[in-house]
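Before any comments, here is the structure.
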Number of protein chains: 2
Amino acid sequence: MPQHIRFNAFEMNCVVHQSPGLWRHPRDRSADYRHIEPWVELAQTLERGLFEAVFLADVLGVYDTYGGGPQAALRQAAQVPVGDPLLLVSAMAHATTHLGFGVTVNLSYEPPTTLARRFSTLDHFSRGRVGWNIVTGYLESAARAMGHDRQTAHDDRYDMAEDYMQVVYKLWEGSWADDAVQRDAAAGIYADPARVREVQHESAFHRVRAVHLCEPSPQRTPVLFQAGTSPSGRAFAGRHAECVFISGPSQAVLAPRVKALREAAEAAGRSANDLRIFAMLTPIVGQTDADAANLLAEYRHYASPEGALVLMSGWTGIDFATLDPHTIVRHVQNEAGRSAMENITRADPSRVWTVADVAEHVGIGGISPIVAGSPSTVADALEDWVDKTGIDGFNLAFAVRPESMLAVVDLLVPELQRRDRYKRAYTQGTLREKLFTQGAPRLAPPHPAAQFRFPD
Amino acid sequence: MPQHIRFNAFEMNCVVHQSPGLWRHPRDRSADYRHIEPWVELAQTLERGLFEAVFLADVLGVYDTYGGGPQAALRQAAQVPVGDPLLLVSAMAHATTHLGFGVTVNLSYEPPTTLARRFSTLDHFSRGRVGWNIVTGYLESAARAMGHDRQTAHDDRYDMAEDYMQVVYKLWEGSWADDAVQRDAAAGIYADPARVREVQHESAFHRVRAVHLCEPSPQRTPVLFQAGTSPSGRAFAGRHAECVFISGPSQAVLAPRVKALREAAEAAGRSANDLRIFAMLTPIVGQTDADAANLLAEYRHYASPEGALVLMSGWTGIDFATLDPHTIVRHVQNEAGRSAMENITRADPSRVWTVADVAEHVGIGGISPIVAGSPSTVADALEDWVDKTGIDGFNLAFAVRPESMLAVVDLLVPELQRRDRYKRAYTQGTLREKLFTQGAPRLAPPHPAAQFRFPD
């Protein structure tokens, strides 16, 4: 039986996430990001569409590579303004029963004890539906906002992250025993203190002596998301991640990345199937192929080349404002920017890509591939991506909010269900149990979190 | 016309806030603190009762003074486990229209940029109903959890807080001009970059270069709550606070504290009436005086002397576990513990207070006075407190969740309304406008925040 395809919604608490300029579309409601009501409606829509989770991106600084300052980012609302993503969750969790929440939180600027408490609190509120997208940041502007001269170097950030994971595992898995909470009114014992212990951690990065402030939540450690595709990122994912978010312009590019990730899991003593891999993709679904083509043309009309280059500059470190639109991008790649550029140019390696081409391409759905068509056409394409690359599903980016996701839920999901390539109901249990059919609410060996469990 | 009395609900995202042991009461639902549904119901109850705000306390460590470890605190669930209070707000805000949210966040362990973003995000979500209770912490265990050997000294913490306020004012008030956000779809301009600036701050405590990540929220700076009564705390409140939370065992103790606070505001160039002062009080309201007396007796049956002493030990720094219950507390006061102890013993200065007496007293409503009686009796008492002390209202602690607050809303509020001592409807506007009749959504001169505004 072919596997079911899994969907996350790729979202961000901001105006422009991956489709710069589209906030100007007459039916777009992106500027309402700052109110809570549209988020609650989105959560209900996604749950109606049996999505695994809403995946919330985040940044802690502004995109100021383009033009050497934040001006263009502000003009375009390119991921600025941006609100805290964790603060969205309780309202969305209260309005839903099954939908998961994968929330990006940067570990570079927050003590592990308070970060651990935030996720435990949300895991309780959502009854076990929260995930953490582990990031260390990529914006120099965020480092400066936090009082640093510059970011920690890329590979050192992974050392720091590795250490940070040990601390939060100790807090989540090791501070309270399963039977610590007794809630024994007759005996007057809420928690048995013999079954709770202070976590101790001393390293070059962190020195912690703390009882985890939260009692055990349904999942303990939230479902761990990760998005790195560099060698260190892939090794980190192999050790820690349960869900990996990747992007690639073609099946030919994506398939080896998927394979490398699953091998990284095996190299870390886990199974290839311990990873759920989601590829970024932007679906434009219409009633017919012609409708979808019209929609895409209409969307393109609102896309902003400047906004696209602001984002690209931030991702690659190349200041596209200094380049003539006719410049051929093959000649301007730098080492830092190489993989993001390749994510575009390798979509069609025979093509000569100019800066203007890149700007147009990134204008809808960022660097992700766009699939436009009738439900049947898009379903064909998605089945093909899954079957040819070994991914488990998609992080779906939107062009117009909430129209793009409504079309997925109302048109595409029923088509995939008819093909038996999409579930017809949620399974019970936590997000972890929903993602892994044989799963338990908690991480188990050989995942490294399990070694920090409170001893029996 | 006598002034209307204002109510906040004094709450905390934990099992035992101020009434240790009461979680064992058959009608108490405190152990459900970890779920979101009871919080949403509470918010709706408080809004029905026209409360100003739910005031959420917080700690970042465990109470481990009693017995020299966290064991008794865990057994009693004395403010541990405790969840993050900010994460409650979006669900409660979504379910209400007028209720405010005063959230305790410790500034000692978080960069000002991310704290500022959290409050701006919630101010947007709640459409201007968020407040920040500024604290620097009092638990050594929190310092250790954050990697410090010990807390910063008390007065140094206020220097640090003073500097921190400058940074967050710059971010909230000074990074974006009022007219920065244009949302001009035709021109393709979301924000005018000429009307947004990078905040710069360099001090012994913080070095920040950052554009505030959020566009201007309705209140910009959240309504500022503060709770210090030490000389440095009072001066800080005089400069910054809009709402002050105090506690005192008697009108005789409270009145001079209120006067000193209003004088501190005047000394800072503000008006005495620029402060809304809320005193902590625990009301036990029944249909009749006899009903209330029975309720109180029933509640006392469940109160935990050990839990009470765990809290008192944390607040005073005195390890009550080392003291015989018959010890007379006058002989064991230390400097750090003096004011908290006085908050109890001065309730009845002629009485000789033993450790056991303190434990009993603190068992319901912590160090706050208890007022038990029929709606008429409690209303008489509350009017008297307000008229004799100059406070604006009360931070109401609960004995049993949610029963205590339901009794206030259903019995006490209507009685106060009949006396024209309580509003009959919310006024429109932000929390700040509701609290200050002549108010505007934003802080204005001479409040220090106003001097950081984006120049016209």
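Ordering of the structure tokens sets the chain letters (A, B, ...), residue numbers begin anew at 1 in every chain, and ligands are numbered from 1 in the order given.
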Checklist entry - If we count only C-alpha atoms, what is near Ile189 in chain A at a cut-off of 12 Å, once residues fewer than 4 positions away on the same chain are taken out, given as number ranges by chain? => result A: 180-185, 193-194; B: 20-24, 71-78, 304, 306-307
Next on the checklist: Using only C-alpha atoms and a distance of at most 7 Å, pull out the residues of chain A that contact chain B, as a PyMOL selection string.
Outcome noted: chain A and resi 24+34-37+71+74-77+80-84+87-88+90-91+94+110-111+113+117-118+121+124-125+144-147+185+189-193+206-210+213-215
Next on the checklist: Give me, as a count of residues only, the residues of range 105-326 of chain B that a backbone DSSP run labels helix (DSSP H, G or I).
Outcome noted: 106
Checklist entry - Using only C-alpha atoms, which residues sit within 7 Å of Val258 in chain B once same-chain residues fewer than 6 positions away are excluded, as a VMD selection string? => result chain B and resid 389 to 391
Checklist entry - as a PyMOL selection string, which residues of range 259-398 of chain B does DSSP assign to strand (DSSP E)? => result chain B and resi 276-285+370-373+393-396
Output the selection as a CSV table (one decimal), in the first residue's frame - all heavy atoms for each residue.
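Contents of result.csv, as written:
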chain,number,residue,atom,x,y,z
B,276,ARG,N,-2.4,53.5,40.0
B,276,ARG,CA,-3.6,52.7,40.5
B,276,ARG,C,-3.0,51.6,41.4
B,276,ARG,O,-2.1,50.8,41.1
B,276,ARG,CB,-4.3,51.9,39.3
B,276,ARG,CG,-5.0,52.9,38.4
B,276,ARG,CD,-6.3,53.4,39.0
B,276,ARG,NE,-6.9,54.4,38.1
B,276,ARG,CZ,-6.7,55.7,38.4
B,276,ARG,NH1,-6.0,56.1,39.4
B,276,ARG,NH2,-7.3,56.6,37.6
B,277,ILE,N,-3.4,51.7,42.7
B,277,ILE,CA,-2.8,50.9,43.7
B,277,ILE,C,-3.8,49.8,44.1
B,277,ILE,O,-5.0,50.1,44.5
B,277,ILE,CB,-2.4,51.7,44.9
B,277,ILE,CG1,-1.4,52.8,44.5
B,277,ILE,CG2,-1.8,50.8,46.0
B,277,ILE,CD1,-0.9,53.7,45.6
B,278,PHE,N,-3.4,48.6,44.0
B,278,PHE,CA,-4.2,47.4,44.3
B,278,PHE,C,-3.7,46.7,45.5
B,278,PHE,O,-2.5,46.3,45.5
B,278,PHE,CB,-4.3,46.4,43.1
B,278,PHE,CG,-4.9,47.0,41.9
B,278,PHE,CD1,-4.2,47.8,41.0
B,278,PHE,CD2,-6.3,46.9,41.7
B,278,PHE,CE1,-4.8,48.3,39.8
B,278,PHE,CE2,-6.9,47.4,40.5
B,278,PHE,CZ,-6.1,48.1,39.6
B,279,ALA,N,-4.5,46.5,46.5
B,279,ALA,CA,-4.0,45.7,47.7
B,279,ALA,C,-4.5,44.3,47.6
B,279,ALA,O,-5.6,44.0,47.2
B,279,ALA,CB,-4.6,46.4,49.0
B,280,MET,N,-3.6,43.4,48.1
B,280,MET,CA,-4.0,42.0,48.1
B,280,MET,C,-5.0,41.7,49.2
B,280,MET,O,-4.9,42.2,50.3
B,280,MET,CB,-2.7,41.2,48.3
B,280,MET,CG,-2.9,39.7,48.2
B,280,MET,SD,-1.3,38.9,48.4
B,280,MET,CE,-1.8,37.2,48.6
B,281,LEU,N,-6.0,40.9,48.8
B,281,LEU,CA,-7.0,40.6,49.8
B,281,LEU,C,-7.7,39.3,49.4
B,281,LEU,O,-7.8,39.0,48.2
B,281,LEU,CB,-8.1,41.7,49.9
B,281,LEU,CG,-9.2,41.6,50.9
B,281,LEU,CD1,-9.4,43.0,51.6
B,281,LEU,CD2,-10.5,41.1,50.4
B,282,THR,N,-8.1,38.5,50.4
B,282,THR,CA,-8.8,37.2,50.0
B,282,THR,C,-10.2,37.3,50.5
B,282,THR,O,-10.5,37.2,51.7
B,282,THR,CB,-8.0,36.0,50.7
B,282,THR,OG1,-6.7,36.1,50.3
B,282,THR,CG2,-8.6,34.7,50.2
B,283,PRO,N,-11.2,37.4,49.6
B,283,PRO,CA,-12.6,37.5,50.0
B,283,PRO,C,-13.2,36.1,50.1
B,283,PRO,O,-13.0,35.3,49.2
B,283,PRO,CB,-13.2,38.3,48.9
B,283,PRO,CG,-12.4,38.0,47.7
B,283,PRO,CD,-11.0,37.6,48.2
B,284,ILE,N,-13.9,35.8,51.1
B,284,ILE,CA,-14.7,34.6,51.2
B,284,ILE,C,-16.1,35.0,51.3
B,284,ILE,O,-16.6,35.5,52.3
B,284,ILE,CB,-14.3,33.8,52.5
B,284,ILE,CG1,-12.8,33.6,52.6
B,284,ILE,CG2,-15.1,32.4,52.5
B,284,ILE,CD1,-12.2,32.6,51.6
B,285,VAL,N,-16.8,34.9,50.2
B,285,VAL,CA,-18.2,35.5,50.1
B,285,VAL,C,-19.2,34.4,50.1
B,285,VAL,O,-19.1,33.4,49.3
B,285,VAL,CB,-18.4,36.3,48.8
B,285,VAL,CG1,-19.7,37.1,48.9
B,285,VAL,CG2,-17.2,37.3,48.6
B,370,ILE,N,-8.0,38.3,55.1
B,370,ILE,CA,-9.2,37.6,54.7
B,370,ILE,C,-10.4,38.4,55.1
B,370,ILE,O,-10.4,38.9,56.3
B,370,ILE,CB,-9.2,36.2,55.3
B,370,ILE,CG1,-8.1,35.3,54.8
B,370,ILE,CG2,-10.6,35.5,55.0
B,370,ILE,CD1,-7.9,34.0,55.5
B,371,VAL,N,-11.3,38.6,54.2
B,371,VAL,CA,-12.6,39.2,54.6
B,371,VAL,C,-13.7,38.2,54.2
B,371,VAL,O,-13.9,37.8,53.1
B,371,VAL,CB,-12.8,40.5,53.9
B,371,VAL,CG1,-14.2,41.1,54.2
B,371,VAL,CG2,-11.8,41.5,54.2
B,372,ALA,N,-14.3,37.7,55.3
B,372,ALA,CA,-15.4,36.7,55.0
B,372,ALA,C,-16.7,37.2,55.5
B,372,ALA,O,-16.8,37.9,56.5
B,372,ALA,CB,-15.1,35.4,55.8
B,373,GLY,N,-17.8,36.9,54.7
B,373,GLY,CA,-19.1,37.4,55.1
B,373,GLY,C,-20.1,37.4,53.9
B,373,GLY,O,-19.8,36.9,52.8
B,393,GLY,N,-8.2,49.7,44.6
B,393,GLY,CA,-8.9,48.5,44.5
B,393,GLY,C,-8.1,47.3,45.0
B,393,GLY,O,-7.2,47.6,45.8
B,394,PHE,N,-8.4,46.1,44.6
B,394,PHE,CA,-7.8,44.9,45.2
B,394,PHE,C,-7.3,43.9,44.1
B,394,PHE,O,-7.9,43.8,43.1
B,394,PHE,CB,-8.9,44.2,46.0
B,394,PHE,CG,-9.4,45.1,47.2
B,394,PHE,CD1,-10.5,45.9,47.0
B,394,PHE,CD2,-8.7,45.1,48.4
B,394,PHE,CE1,-11.0,46.7,48.0
B,394,PHE,CE2,-9.2,45.9,49.4
B,394,PHE,CZ,-10.3,46.7,49.2
B,395,ASN,N,-6.2,43.3,44.5
B,395,ASN,CA,-5.8,42.1,43.8
B,395,ASN,C,-6.4,40.9,44.7
B,395,ASN,O,-5.9,40.7,45.8
B,395,ASN,CB,-4.3,42.0,43.9
B,395,ASN,CG,-3.6,42.1,42.5
B,395,ASN,OD1,-4.3,42.5,41.6
B,395,ASN,ND2,-2.4,41.8,42.4
B,396,LEU,N,-7.4,40.3,44.1
B,396,LEU,CA,-8.1,39.3,44.9
B,396,LEU,C,-7.5,37.9,44.8
B,396,LEU,O,-7.5,37.4,43.7
B,396,LEU,CB,-9.6,39.3,44.5
B,396,LEU,CG,-10.4,40.6,44.7
B,396,LEU,CD1,-11.8,40.4,44.2
B,396,LEU,CD2,-10.4,41.0,46.1
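You can rank A:Trp315, A:Trp176, A:Phe398, A:Phe10 by their closest distance to Tyr66 in chain A using only C-alpha atoms, and at the top of that list sits A:Trp315.
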Checklist entry - Excluding same-chain residues fewer than 3 positions from Gly248 in chain B, what lies within 8 Å of it counting only C-alpha atoms, as a VMD selection string? => result chain B and resid 251 253 to 254 279 to 280 343 to 344 367 to 369
Would you output that residue set with C-alpha atoms, as a short mmCIF file (atom, residue, chain, number, x, y, z; two decimals), in the first residue's frame?
data_model
loop_
_atom_site.label_atom_id
_atom_site.label_comp_id
_atom_site.auth_asym_id
_atom_site.auth_seq_id
_atom_site.Cartn_x
_atom_site.Cartn_y
_atom_site.Cartn_z
CA GLN B 251 -5.57 49.62 57.14
CA VAL B 253 -0.24 49.50 57.94
CA LEU B 254 -1.47 50.03 54.41
CA ALA B 279 -4.03 45.72 47.70
CA MET B 280 -3.98 41.98 48.07
CA ASN B 343 2.74 41.85 57.12
CA ILE B 344 1.32 39.16 59.36
CA ILE B 367 -0.10 37.08 53.83
CA SER B 368 -3.22 38.90 52.68
CA PRO B 369 -6.09 39.83 54.96
#
Next on the checklist: Could you check the closest approach to Val400 in chain B for each of B:Ala303, B:Ala379, B:Val105, B:Val310 and tell me which residue wins, using only C-alpha atoms?
Outcome noted: B:Ala303
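If you look at CA of Arg432 in chain A and CA of Ala399 in chain A, they are 28.8 Å away from each other.
The interatomic distance for the pair CA of Ser175 in chain B and CA of Gly429 in chain B works out to 23.5 Å.
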Next on the checklist: Please compute the CA of Arg419 in chain B-CA of Ile5 in chain B distance, one decimal, in Å.
Outcome noted: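 We find that CA of Arg419 in chain B and CA of Ile5 in chain B lie 10.8 Å from each other.
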Item to check | Long-range neighbours of Leu416 in chain B as a list in words, 10 Å cut-off, only C-alpha atoms, 2 positions minimum in chain | outcome: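 In the requested format, the answer is His4, Ile5, Pro375, Ser376, Val378, Ala379, Asp380, Leu382, Glu383, Leu411, Leu412, Val413, Pro414, Arg418, Arg419, Asp420, Arg421, Tyr422, Lys423 and Arg424 of chain B.
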